[in-house]
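Working notes, structure below.
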Amino acid sequence: MSGRIHDKGFVILTGYIQGKYGQTRPLSLQASIGFEQSYGEIDGDSASSTELYALLSQLSGKPLAQGIAVTGSVNQNGEVQAGQFTIYVVATIDEGIEVLTGVPAGELQEDGTYPEGTIHHLVEERLEEMAKRTRDFGKDKNAGD
């Protein structure tokens with residue numbers, strides 16, 4: 001139920017995830033986002049920042065504050081193009097995820113990691129866990145041959 005512009009926004013999310021977390025490892029991630037109260041086609045990219053927050057929340061295991069509304073498209077660098085109705089003005093996804101979760105996003109350290117307890121560290125841990133499960137799943141299947 002999405003249009004071409006919305007689909008383009010989702011491709012930008014893929015670019016953000018790849019740029020943020022795919023620098024030191026190959027990523028194999030598939031995600032889908034459903035709009036529970038949709039009554040027609042969704043188009044436009046104004047929800048792309050919201051979709052990225054939802055994805056980061058899911059991967060980090062940190063819930064989003066439900067009393068905060070967000071809007072705005074996002075580019076592959078995590079810069080939010082704020083919409084007409086601004087609740088919190090944020091310049092980057094990092095700022096927004098901090099507002100929505102109450103947890104620091106985390107700055108990339110010199111050793112290529114993010115500080116423990118930050119959203120980006122939690123996302124990296126989750127991605128590593130998912131990659132390990134994928135590797136182990138393949139091993140389990142091949143062991144039975």
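Labels used: A, B, ... for chains in the order of the structure tokens, numbers from 1 for residues in each chain, and numbers from 1 for ligands as shown.
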Thr14 of chain A: which residues within 12 Å, counting only C-alpha atoms, same-chain residues fewer than 3 positions away excluded, as a list of chain:residue names? A:Asp7, A:Lys8, A:Gly9, A:Phe10, A:Val11, A:Ile17, A:Gln18, A:Gly19, A:Lys20, A:Tyr21, A:Gly22, A:Leu27, A:Ser28, A:Leu29, A:Gln30, A:Ala31, A:Ser32, A:Ser48, A:Glu51, A:Leu52, A:Leu55, A:Leu56, A:Val74, A:Asn75, A:Gln76, A:Asn77, A:Gly78
Just give me the gap between atom CA of Leu64 of chain A and atom CA of Pro104 of chain A in Å, one decimal is fine.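 Taking atom CA of Leu64 of chain A as the start and atom CA of Pro104 of chain A as the end point, the length is 12.9 Å.
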Find the residues near Ser57 of chain A: any atom within 10 Å, counting only C-alpha atoms, skip ones fewer than 3 places away on the same chain, and give them as a PyMOL selection string. chain A and resi 51-54+60-64+97+100-101+119+122-123
Could you tell me how far atom CA of Leu59 of chain A lies from atom CA of Glu116 of chain A, in Å and to one decimal? 14.9 Å
For the structure I just gave you, how does DSSP split segment 1-139 of chain A - specifically, which residues are helix (DSSP H, G or I)? Reply as a PDB file with C-alpha atoms, in the first residue's frame.
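Ended up saving to result-v1.pdb:
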ATOM      1  CA  ARG A   4       6.997   5.195  -5.401  1.00  0.00           C
ATOM      2  CA  ILE A   5       8.108   8.151  -3.257  1.00  0.00           C
ATOM      3  CA  HIS A   6       7.571   6.198  -0.037  1.00  0.00           C
ATOM      4  CA  ASP A   7       9.465   3.238  -1.488  1.00  0.00           C
ATOM      5  CA  LYS A   8      12.346   5.590  -2.347  1.00  0.00           C
ATOM      6  CA  GLY A   9      12.381   6.749   1.287  1.00  0.00           C
ATOM      7  CA  PHE A  10      12.735   3.161   2.431  1.00  0.00           C
ATOM      8  CA  VAL A  11      15.766   2.755   0.136  1.00  0.00           C
ATOM      9  CA  ILE A  12      17.314   5.749   1.898  1.00  0.00           C
ATOM     10  CA  LEU A  13      16.833   3.941   5.234  1.00  0.00           C
ATOM     11  CA  THR A  14      18.786   1.016   3.822  1.00  0.00           C
ATOM     12  CA  GLY A  15      21.592   3.396   2.886  1.00  0.00           C
ATOM     13  CA  TYR A  16      21.635   4.858   6.392  1.00  0.00           C
ATOM     14  CA  ILE A  17      21.817   1.418   8.065  1.00  0.00           C
ATOM     15  CA  GLN A  18      24.544   0.273   5.663  1.00  0.00           C
ATOM     16  CA  GLY A  19      26.563   3.449   6.216  1.00  0.00           C
ATOM     17  CA  LYS A  20      26.201   3.396  10.001  1.00  0.00           C
ATOM     18  CA  TYR A  21      26.663  -0.310  10.709  1.00  0.00           C
ATOM     19  CA  SER A  48      11.028   7.976   6.685  1.00  0.00           C
ATOM     20  CA  SER A  49      12.560   9.395   9.879  1.00  0.00           C
ATOM     21  CA  THR A  50       9.779   7.755  11.908  1.00  0.00           C
ATOM     22  CA  GLU A  51      10.388   4.434  10.172  1.00  0.00           C
ATOM     23  CA  LEU A  52      14.102   4.678  10.909  1.00  0.00           C
ATOM     24  CA  TYR A  53      13.397   5.419  14.578  1.00  0.00           C
ATOM     25  CA  ALA A  54      11.140   2.353  14.708  1.00  0.00           C
ATOM     26  CA  LEU A  55      13.838   0.182  13.131  1.00  0.00           C
ATOM     27  CA  LEU A  56      16.542   1.457  15.522  1.00  0.00           C
ATOM     28  CA  SER A  57      14.164   0.927  18.454  1.00  0.00           C
ATOM     29  CA  GLN A  58      13.487  -2.662  17.417  1.00  0.00           C
ATOM     30  CA  LEU A  59      17.139  -3.504  16.843  1.00  0.00           C
ATOM     31  CA  SER A  60      18.356  -1.811  20.049  1.00  0.00           C
ATOM     32  CA  ILE A  93      18.601  10.731  13.507  1.00  0.00           C
ATOM     33  CA  ASP A  94      20.998  10.502  16.454  1.00  0.00           C
ATOM     34  CA  GLU A  95      19.336  13.508  18.121  1.00  0.00           C
ATOM     35  CA  GLY A  96      15.860  12.141  17.401  1.00  0.00           C
ATOM     36  CA  ILE A  97      16.528   8.623  18.694  1.00  0.00           C
ATOM     37  CA  GLU A  98      17.865  10.173  21.908  1.00  0.00           C
ATOM     38  CA  VAL A  99      14.647  12.199  22.344  1.00  0.00           C
ATOM     39  CA  LEU A 100      12.443   9.201  21.557  1.00  0.00           C
ATOM     40  CA  THR A 101      14.265   6.641  23.733  1.00  0.00           C
ATOM     41  CA  ILE A 119      21.589   2.923  20.887  1.00  0.00           C
ATOM     42  CA  HIS A 120      24.246   2.322  18.235  1.00  0.00           C
ATOM     43  CA  HIS A 121      26.105  -0.129  20.504  1.00  0.00           C
ATOM     44  CA  LEU A 122      22.865  -1.993  21.209  1.00  0.00           C
ATOM     45  CA  VAL A 123      22.026  -2.094  17.490  1.00  0.00           C
ATOM     46  CA  GLU A 124      25.507  -3.422  16.671  1.00  0.00           C
ATOM     47  CA  GLU A 125      25.148  -6.110  19.360  1.00  0.00           C
ATOM     48  CA  ARG A 126      21.793  -7.139  17.905  1.00  0.00           C
ATOM     49  CA  LEU A 127      23.168  -7.238  14.358  1.00  0.00           C
ATOM     50  CA  GLU A 128      26.092  -9.379  15.548  1.00  0.00           C
ATOM     51  CA  GLU A 129      23.642 -11.729  17.282  1.00  0.00           C
ATOM     52  CA  MET A 130      21.559 -11.990  14.119  1.00  0.00           C
ATOM     53  CA  ALA A 131      24.669 -12.644  11.995  1.00  0.00           C
ATOM     54  CA  LYS A 132      25.796 -15.367  14.421  1.00  0.00           C
ATOM     55  CA  ARG A 133      22.386 -17.030  14.256  1.00  0.00           C
ATOM     56  CA  THR A 134      22.556 -16.948  10.461  1.00  0.00           C
ATOM     57  CA  ARG A 135      26.035 -18.530  10.494  1.00  0.00           C
ATOM     58  CA  ASP A 136      25.000 -21.118  13.086  1.00  0.00           C
ATOM     59  CA  PHE A 137      21.830 -21.941  11.179  1.00  0.00           C
ATOM     60  CA  GLY A 138      23.879 -22.714   8.074  1.00  0.00           C
ATOM     61  CA  LYS A 139      26.262 -24.882  10.106  1.00  0.00           C
TER      62      LYS A 139
END
Mind pulling up the distance from atom CA of Ala65 of chain A to atom CA of Gly102 of chain A? 8.4 Å
